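Peer 1: Structure below; questions to follow.
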Amino acid sequence: MKVLLTGAAGFLGSHLSQRLIDDGHHVIALDDLSTGSLENIEHLLRHRDFTFVKHDVRKPYTTDIDAILNFACPASPIHYQLDPVRTIETNFLGIINLLHLAKESGAIILQASTSEVYGDPTESPQKETYWGNVNPIGIRSCYDEGKRAAETLCFDYQRQYGLDARVIRIFNTYGPNMSPNDGRVVSNFIVQAIQGKDITIYGEGTQTRSFCYVSDLVEGIIGTLALKAPLDAPINIGNPGTFTMLELANLVVKLCQSTSKIVFMPLPLDDPQQRKPDISRAKSVLSWEPKIQIEEGLLRTIAHFKSIIK
Ligand code: NAD
Ligand code: UDP
């Protein structure tokens, strides 16, 4: 297939680029390099089936294509809150431009949505049928509401134009190629532990997250793309194993054999208290479930960070 992948130079995009090339597809890799880096895909740049195009998805892009994977959007809270107007525009205008392209070219489109559409959930685990608890005017809403509007547009295009739009809700994912300074918890804790700096827990560290290793996520994405029939609802992709941030901090310190101590800092506004995917739909529709346990995934990620930072 000829696949258009947006956000290709980012953390997830770089892993997906590699997997799509390995599977024999031709990849047109779009990215404006705002949070991603060419270093993540450097080894692919001379591949004959890989074409990189520096492009902002807020502007239309035209090409003949079989499938579109939309991953362009800053994902770390500090990045998406830096220029919130740009973030919501990237989500909203980006998906409109890509849905239009999918309609013109008859392509399948897969949208990278997020567990953030559930906001600060009052139900746990979160099923796809849960409508969420999102502050529509808070500091996270440029991302949350942008992703929710993008989901709405996908299903409106499906109902109105018969488009094959597939939506996955990705829960916290980690692994090599995360930017060491993008502020997300796994990269922050690992970098701090390797450098012997204080481990910064926001709040009391009792909030929970579920962490999925990147190769498991990529399997879920490829499985969704390979489905024979369109999806009439989103699918959660994540690892249901749940940890408090305090548990994660202690585990990272142990695995890095670090001398770092834990410090507590203010909890950011609207920070969700809990998050855990119900993955029964992914299990039944995709026959998918995560395989990599947290310790193994963290060790692989730690090895990567040790190779790139001092
Ligand atoms: P990332 O920041 O590493 O990658 C995002 C990429 O999109 C970057 O390369 C960036 O340069 C590019 N980009 C941003 N705005 C753009 C624009 N306007 N035009 C073109 N390119 C643009 O983040 P990531 O973790 O790889 O996330 C990728 C996607 O997956 C995002 O859509 C994110 O919302 C979604 N997601 C990620 C996670 C996670 O845990 N990593 C969880 C849920 C959803
Ligand atoms: N967090 C933390 N210390 C850090 C970075 C993040 O305690 O150095 C917390 C953050 O407040 C949140 C959780 O870890 O409760 C996950 O944060 P992240 O930014 O990785 O993802 P998200 O909040 O989008 O799930």
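Residues are named by chain letter and number: chains run A, B, ... in the order of the structure tokens, numbers start at 1 in each chain, and ligands are numbered from 1 in the order shown.
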Could you build a table of the residues in stretch 123-179 of chain A lying no more than 10 Å from stretch 40-48 of chain A, giving for each the nearest pair of atoms and their separation in Å rounded to one decimal place, using only C-alpha atoms, ordered by chain and ascending residue number, as a Markdown table?
Peer 2:
| residue | atom | partner | partner_atom | distance |
| --- | --- | --- | --- | --- |
| A:Pro176 | CA | A:Asn40 | CA | 9.6 |
| A:Asn177 | CA | A:Asn40 | CA | 6.4 |
| A:Met178 | CA | A:Asn40 | CA | 9.3 |
| A:Ser179 | CA | A:Asn40 | CA | 9.6 |
Peer 1: Fewer than 4 positions away in the same chain doesn't count, so skip those; otherwise give me all residues within 9 Å of stretch 141-151 of chain A, counting only C-alpha atoms, as a PyMOL selection string.
Peer 2: chain A and resi 73-75+77+80-81+84-96+111-119+134-137+155-156+167+234
Peer 1: Could you report the residues within 7 Å of ligand 2, using only C-alpha atoms and all ligand atoms, as an mmCIF file with all heavy atoms, in the first residue's frame?
Peer 2:
data_model
loop_
_atom_site.group_PDB
_atom_site.id
_atom_site.type_symbol
_atom_site.label_atom_id
_atom_site.label_comp_id
_atom_site.auth_asym_id
_atom_site.auth_seq_id
_atom_site.Cartn_x
_atom_site.Cartn_y
_atom_site.Cartn_z
ATOM 1 N N SER A 76 2.889 15.411 24.586
ATOM 2 C CA SER A 76 3.267 15.659 25.975
ATOM 3 C C SER A 76 2.562 16.938 26.472
ATOM 4 O O SER A 76 2.516 17.934 25.746
ATOM 5 C CB SER A 76 4.785 15.841 26.031
ATOM 6 O OG SER A 76 5.126 16.710 27.071
ATOM 7 N N PRO A 77 2.001 16.898 27.695
ATOM 8 C CA PRO A 77 1.293 18.092 28.187
ATOM 9 C C PRO A 77 2.104 19.384 28.070
ATOM 10 O O PRO A 77 1.577 20.410 27.647
ATOM 11 C CB PRO A 77 0.964 17.737 29.639
ATOM 12 C CG PRO A 77 0.827 16.234 29.615
ATOM 13 C CD PRO A 77 1.849 15.758 28.624
ATOM 14 N N ASN A 172 -1.247 5.772 27.617
ATOM 15 C CA ASN A 172 0.173 6.141 27.789
ATOM 16 C C ASN A 172 1.116 5.070 27.245
ATOM 17 O O ASN A 172 1.092 3.931 27.718
ATOM 18 C CB ASN A 172 0.498 6.388 29.265
ATOM 19 C CG ASN A 172 -0.302 7.528 29.844
ATOM 20 O OD1 ASN A 172 -1.531 7.505 29.825
ATOM 21 N ND2 ASN A 172 0.384 8.538 30.349
ATOM 22 N N GLY A 183 9.066 15.942 28.850
ATOM 23 C CA GLY A 183 8.317 16.200 30.081
ATOM 24 C C GLY A 183 7.372 15.091 30.492
ATOM 25 O O GLY A 183 6.725 15.188 31.535
ATOM 26 N N ARG A 184 7.268 14.014 29.680
ATOM 27 C CA ARG A 184 6.363 12.940 30.089
ATOM 28 C C ARG A 184 6.993 12.142 31.227
ATOM 29 O O ARG A 184 8.206 12.127 31.403
ATOM 30 C CB ARG A 184 6.013 12.049 28.893
ATOM 31 C CG ARG A 184 4.980 12.730 28.025
ATOM 32 C CD ARG A 184 4.521 11.875 26.883
ATOM 33 N NE ARG A 184 5.311 12.092 25.684
ATOM 34 C CZ ARG A 184 4.973 11.646 24.483
ATOM 35 N NH1 ARG A 184 3.865 10.960 24.333
ATOM 36 N NH2 ARG A 184 5.742 11.877 23.435
ATOM 37 N N VAL A 185 6.152 11.449 31.969
ATOM 38 C CA VAL A 185 6.621 10.892 33.235
ATOM 39 C C VAL A 185 7.705 9.833 33.043
ATOM 40 O O VAL A 185 8.687 9.810 33.785
ATOM 41 C CB VAL A 185 5.429 10.387 34.087
ATOM 42 C CG1 VAL A 185 4.766 9.144 33.497
ATOM 43 C CG2 VAL A 185 5.858 10.138 35.516
ATOM 44 N N VAL A 186 7.543 8.949 32.060
ATOM 45 C CA VAL A 186 8.524 7.865 31.907
ATOM 46 C C VAL A 186 9.879 8.445 31.505
ATOM 47 O O VAL A 186 10.919 8.099 32.092
ATOM 48 C CB VAL A 186 8.033 6.806 30.890
ATOM 49 C CG1 VAL A 186 9.125 5.780 30.621
ATOM 50 C CG2 VAL A 186 6.774 6.106 31.412
ATOM 51 N N ASN A 188 10.944 11.574 31.884
ATOM 52 C CA ASN A 188 11.471 12.386 32.995
ATOM 53 C C ASN A 188 12.138 11.511 34.059
ATOM 54 O O ASN A 188 13.290 11.747 34.451
ATOM 55 C CB ASN A 188 10.340 13.165 33.676
ATOM 56 C CG ASN A 188 10.157 14.559 33.096
ATOM 57 O OD1 ASN A 188 10.734 14.876 32.063
ATOM 58 N ND2 ASN A 188 9.365 15.377 33.759
ATOM 59 N N PHE A 189 11.418 10.484 34.537
ATOM 60 C CA PHE A 189 11.942 9.658 35.638
ATOM 61 C C PHE A 189 13.232 8.948 35.208
ATOM 62 O O PHE A 189 14.200 8.869 35.983
ATOM 63 C CB PHE A 189 10.904 8.624 36.095
ATOM 64 C CG PHE A 189 9.765 9.189 36.926
ATOM 65 C CD1 PHE A 189 9.687 10.548 37.232
ATOM 66 C CD2 PHE A 189 8.759 8.347 37.418
ATOM 67 C CE1 PHE A 189 8.631 11.058 37.997
ATOM 68 C CE2 PHE A 189 7.708 8.848 38.195
ATOM 69 C CZ PHE A 189 7.642 10.205 38.470
ATOM 70 N N THR A 200 11.041 13.831 40.129
ATOM 71 C CA THR A 200 9.986 14.808 40.406
ATOM 72 C C THR A 200 8.598 14.182 40.304
ATOM 73 O O THR A 200 8.100 13.912 39.209
ATOM 74 C CB THR A 200 10.073 15.972 39.394
ATOM 75 O OG1 THR A 200 10.053 15.407 38.060
ATOM 76 C CG2 THR A 200 11.358 16.774 39.571
ATOM 77 N N ILE A 201 7.998 13.957 41.462
ATOM 78 C CA ILE A 201 6.608 13.473 41.467
ATOM 79 C C ILE A 201 5.686 14.674 41.613
ATOM 80 O O ILE A 201 5.880 15.506 42.500
ATOM 81 C CB ILE A 201 6.376 12.467 42.614
ATOM 82 C CG1 ILE A 201 7.094 11.162 42.276
ATOM 83 C CG2 ILE A 201 4.894 12.244 42.873
ATOM 84 C CD1 ILE A 201 6.733 10.002 43.154
ATOM 85 N N TYR A 202 4.692 14.758 40.728
ATOM 86 C CA TYR A 202 3.721 15.851 40.809
ATOM 87 C C TYR A 202 2.554 15.390 41.683
ATOM 88 O O TYR A 202 1.990 14.322 41.448
ATOM 89 C CB TYR A 202 3.224 16.255 39.419
ATOM 90 C CG TYR A 202 4.328 16.677 38.455
ATOM 91 C CD1 TYR A 202 4.122 16.636 37.076
ATOM 92 C CD2 TYR A 202 5.572 17.121 38.917
ATOM 93 C CE1 TYR A 202 5.118 17.026 36.185
ATOM 94 C CE2 TYR A 202 6.574 17.507 38.034
ATOM 95 C CZ TYR A 202 6.344 17.444 36.673
ATOM 96 O OH TYR A 202 7.333 17.817 35.793
ATOM 97 N N GLY A 203 2.218 16.211 42.685
ATOM 98 C CA GLY A 203 1.184 15.818 43.645
ATOM 99 C C GLY A 203 1.765 14.811 44.622
ATOM 100 O O GLY A 203 2.981 14.760 44.849
ATOM 101 N N GLY A 205 1.654 11.578 44.178
ATOM 102 C CA GLY A 205 2.090 10.374 43.468
ATOM 103 C C GLY A 205 1.101 9.233 43.562
ATOM 104 O O GLY A 205 1.422 8.089 43.259
ATOM 105 N N GLN A 207 -1.806 9.301 41.880
ATOM 106 C CA GLN A 207 -2.538 9.180 40.606
ATOM 107 C C GLN A 207 -2.020 7.961 39.846
ATOM 108 O O GLN A 207 -0.848 7.613 39.963
ATOM 109 C CB GLN A 207 -2.422 10.462 39.760
ATOM 110 C CG GLN A 207 -1.062 10.793 39.173
ATOM 111 C CD GLN A 207 -0.174 11.597 40.111
ATOM 112 O OE1 GLN A 207 -0.142 11.340 41.305
ATOM 113 N NE2 GLN A 207 0.582 12.543 39.570
ATOM 114 N N ARG A 209 -1.599 5.549 36.191
ATOM 115 C CA ARG A 209 -1.541 5.459 34.730
ATOM 116 C C ARG A 209 -1.246 4.007 34.365
ATOM 117 O O ARG A 209 -0.683 3.252 35.166
ATOM 118 C CB ARG A 209 -0.426 6.345 34.139
ATOM 119 C CG ARG A 209 -0.604 7.850 34.314
ATOM 120 C CD ARG A 209 -1.742 8.406 33.484
ATOM 121 N NE ARG A 209 -1.800 9.864 33.551
ATOM 122 C CZ ARG A 209 -2.418 10.564 34.508
ATOM 123 N NH1 ARG A 209 -3.025 9.938 35.507
ATOM 124 N NH2 ARG A 209 -2.430 11.886 34.467
ATOM 125 N N MET A 245 2.183 6.893 40.392
ATOM 126 C CA MET A 245 3.436 7.529 39.974
ATOM 127 C C MET A 245 4.547 7.269 40.996
ATOM 128 O O MET A 245 5.725 7.209 40.656
ATOM 129 C CB MET A 245 3.231 9.034 39.731
ATOM 130 C CG MET A 245 2.319 9.338 38.554
ATOM 131 S SD MET A 245 2.701 8.397 37.046
ATOM 132 C CE MET A 245 1.509 7.076 37.107
ATOM 133 N N LEU A 267 0.856 19.448 41.782
ATOM 134 C CA LEU A 267 0.140 18.700 40.743
ATOM 135 C C LEU A 267 -0.403 19.701 39.714
ATOM 136 O O LEU A 267 -1.067 20.669 40.080
ATOM 137 C CB LEU A 267 -1.020 17.924 41.395
ATOM 138 C CG LEU A 267 -1.789 16.961 40.512
ATOM 139 C CD1 LEU A 267 -0.905 15.765 40.114
ATOM 140 C CD2 LEU A 267 -3.047 16.471 41.215
ATOM 141 N N PRO A 268 -0.134 19.477 38.409
ATOM 142 C CA PRO A 268 -0.685 20.398 37.405
ATOM 143 C C PRO A 268 -2.216 20.388 37.420
ATOM 144 O O PRO A 268 -2.832 19.392 37.811
ATOM 145 C CB PRO A 268 -0.155 19.843 36.075
ATOM 146 C CG PRO A 268 0.982 18.949 36.434
ATOM 147 C CD PRO A 268 0.701 18.427 37.812
ATOM 148 N N ASP A 271 -5.007 17.418 36.161
ATOM 149 C CA ASP A 271 -4.256 16.181 35.960
ATOM 150 C C ASP A 271 -5.164 14.990 36.335
ATOM 151 O O ASP A 271 -5.631 14.908 37.476
ATOM 152 C CB ASP A 271 -3.027 16.214 36.875
ATOM 153 C CG ASP A 271 -1.958 15.227 36.465
ATOM 154 O OD1 ASP A 271 -2.136 14.024 36.722
ATOM 155 O OD2 ASP A 271 -0.950 15.664 35.898
ATOM 156 N N PRO A 272 -5.443 14.072 35.397
ATOM 157 C CA PRO A 272 -6.357 12.964 35.726
ATOM 158 C C PRO A 272 -5.853 12.121 36.899
ATOM 159 O O PRO A 272 -4.670 11.804 36.978
ATOM 160 C CB PRO A 272 -6.402 12.145 34.439
ATOM 161 C CG PRO A 272 -6.023 13.103 33.364
ATOM 162 C CD PRO A 272 -5.035 14.040 33.979
ATOM 163 N N GLN A 273 -6.766 11.748 37.795
ATOM 164 C CA GLN A 273 -6.411 10.965 38.981
ATOM 165 C C GLN A 273 -6.215 9.491 38.678
ATOM 166 O O GLN A 273 -5.469 8.808 39.351
ATOM 167 C CB GLN A 273 -7.499 11.135 40.059
ATOM 168 C CG GLN A 273 -7.231 12.274 41.015
ATOM 169 C CD GLN A 273 -5.819 12.207 41.608
ATOM 170 O OE1 GLN A 273 -5.471 11.261 42.307
ATOM 171 N NE2 GLN A 273 -4.982 13.217 41.324
#
Peer 1: Give the residues close to ligand 1, within 6 Å, counting only C-alpha atoms and all ligand atoms; write them as a PyMOL selection string.
Peer 2: chain A and resi 7-13+31-36+55-58+71-75+90+112-114+170-173
Peer 1: For stretch 211-215 of chain A, please output as a list in words all residues within 7 Å (counting only C-alpha atoms; exclusion window: fewer than 4 positions along the same chain).
Peer 2: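 Contacts, in chain order: Asn172, Thr173, Tyr174, Gly175, Glu219, Gly238, Asn239, Ile292 and Gly297 of chain A.
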Peer 1: With only C-alpha atoms as the atoms that count, which of A:Val218, A:Thr206, A:Gly196, A:Pro121 lies nearest to A:Arg19?
Peer 2: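 Closest to A:Arg19, using only C-alpha atoms: A:Val218.
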Peer 1: Residues of stretch 15-85 of chain A classed as strand (DSSP E) by DSSP on the backbone are to be reported as a PyMOL selection string.
Peer 2: chain A and resi 26-31+50-54+67-70
Peer 1: Can you write out the residues you just picked, keeping N, CA, C and O atoms, as a JSON list (two decimals), in the first residue's frame?
Peer 2:
[["chain", "number", "residue", "atom", "x", "y", "z"],
["A", 26, "HIS", "N", 4.89, 1.54, 0.83],
["A", 26, "HIS", "CA", 5.57, 2.79, 0.48],
["A", 26, "HIS", "C", 5.04, 3.86, 1.43],
["A", 26, "HIS", "O", 3.83, 4.03, 1.56],
["A", 27, "VAL", "N", 5.94, 4.56, 2.11],
["A", 27, "VAL", "CA", 5.51, 5.51, 3.14],
["A", 27, "VAL", "C", 5.80, 6.95, 2.71],
["A", 27, "VAL", "O", 6.95, 7.28, 2.36],
["A", 28, "ILE", "N", 4.77, 7.77, 2.72],
["A", 28, "ILE", "CA", 4.99, 9.21, 2.59],
["A", 28, "ILE", "C", 4.88, 9.76, 4.00],
["A", 28, "ILE", "O", 3.83, 9.68, 4.65],
["A", 29, "ALA", "N", 6.00, 10.26, 4.51],
["A", 29, "ALA", "CA", 6.12, 10.64, 5.92],
["A", 29, "ALA", "C", 6.02, 12.15, 6.04],
["A", 29, "ALA", "O", 6.91, 12.88, 5.61],
["A", 30, "LEU", "N", 4.92, 12.61, 6.63],
["A", 30, "LEU", "CA", 4.69, 14.05, 6.77],
["A", 30, "LEU", "C", 5.00, 14.48, 8.20],
["A", 30, "LEU", "O", 4.55, 13.84, 9.15],
["A", 31, "ASP", "N", 5.71, 15.58, 8.37],
["A", 31, "ASP", "CA", 5.95, 16.09, 9.73],
["A", 31, "ASP", "C", 6.45, 17.53, 9.59],
["A", 31, "ASP", "O", 7.17, 17.85, 8.65],
["A", 50, "PHE", "N", 10.58, 5.26, 1.13],
["A", 50, "PHE", "CA", 10.28, 6.22, 2.21],
["A", 50, "PHE", "C", 10.53, 7.64, 1.69],
["A", 50, "PHE", "O", 11.63, 7.97, 1.29],
["A", 51, "THR", "N", 9.48, 8.45, 1.71],
["A", 51, "THR", "CA", 9.63, 9.84, 1.25],
["A", 51, "THR", "C", 9.24, 10.77, 2.38],
["A", 51, "THR", "O", 8.10, 10.71, 2.87],
["A", 52, "PHE", "N", 10.17, 11.61, 2.81],
["A", 52, "PHE", "CA", 9.86, 12.56, 3.88],
["A", 52, "PHE", "C", 9.43, 13.89, 3.27],
["A", 52, "PHE", "O", 10.07, 14.41, 2.36],
["A", 53, "VAL", "N", 8.33, 14.46, 3.80],
["A", 53, "VAL", "CA", 7.87, 15.77, 3.35],
["A", 53, "VAL", "C", 7.66, 16.64, 4.59],
["A", 53, "VAL", "O", 6.88, 16.27, 5.48],
["A", 54, "LYS", "N", 8.37, 17.78, 4.65],
["A", 54, "LYS", "CA", 8.15, 18.70, 5.78],
["A", 54, "LYS", "C", 6.86, 19.47, 5.49],
["A", 54, "LYS", "O", 6.78, 20.20, 4.50],
["A", 67, "ALA", "N", -3.87, 4.56, 2.17],
["A", 67, "ALA", "CA", -4.20, 4.62, 3.60],
["A", 67, "ALA", "C", -3.54, 5.85, 4.23],
["A", 67, "ALA", "O", -2.45, 6.26, 3.81],
["A", 68, "ILE", "N", -4.22, 6.42, 5.21],
["A", 68, "ILE", "CA", -3.68, 7.58, 5.93],
["A", 68, "ILE", "C", -3.67, 7.25, 7.41],
["A", 68, "ILE", "O", -4.67, 6.78, 7.96],
["A", 69, "LEU", "N", -2.52, 7.47, 8.06],
["A", 69, "LEU", "CA", -2.43, 7.31, 9.52],
["A", 69, "LEU", "C", -2.11, 8.67, 10.10],
["A", 69, "LEU", "O", -1.04, 9.23, 9.83],
["A", 70, "ASN", "N", -3.04, 9.22, 10.90],
["A", 70, "ASN", "CA", -2.84, 10.58, 11.39],
["A", 70, "ASN", "C", -2.29, 10.59, 12.82],
["A", 70, "ASN", "O", -3.04, 10.45, 13.78]]
Peer 1: Quick one: DSSP alpha helix (DSSP H) residues in stretch 158-309 of chain A, as a ChimeraX atom specification?
Peer 2: /A:158-161,185-195,214-226,245-255,280-286,294-308
Peer 1: Quick one: residues within 8 Å of A:Ala165, only C-alpha atoms counted, chain neighbours fewer than 2 positions away excluded, as a PyMOL selection string?
Peer 2: chain A and resi 108-111+154-155+157-158+163+167+230-231
Peer 1: Excluding A:Arg281 and any residue of its chain fewer than 3 positions from it, enumerate the residues within 8 Å of it, using only C-alpha atoms, and give them as a short mmCIF file (atom, residue, chain, number, x, y, z; two decimals) with C-alpha atoms, in the first residue's frame.
Peer 2:
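Here's the written file out.cif:
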data_model
loop_
_atom_site.label_atom_id
_atom_site.label_comp_id
_atom_site.auth_asym_id
_atom_site.auth_seq_id
_atom_site.Cartn_x
_atom_site.Cartn_y
_atom_site.Cartn_z
CA ILE A 235 -10.91 0.85 20.10
CA ASN A 236 -8.83 1.31 23.26
CA ASP A 278 -10.66 -1.84 29.32
CA SER A 284 -12.27 -9.54 20.52
CA VAL A 285 -12.01 -7.34 17.38
CA LEU A 286 -8.22 -7.43 16.85
#
Peer 1: Quick one, how far is atom CA of A:Leu251 from atom CA of A:Pro180?
Peer 2: 18.3 Å
Peer 1: Separation of atom CA of A:Glu289 and atom CA of A:Gly223, in Å?
Peer 2: 10.9 Å
Peer 1: What is the distance, in Å and to one decimal place, between atom CA of A:Asp198 and atom CA of A:Ser260?
Peer 2: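 About the pair atom CA of A:Asp198 and atom CA of A:Ser260: they are 5.3 Å apart.
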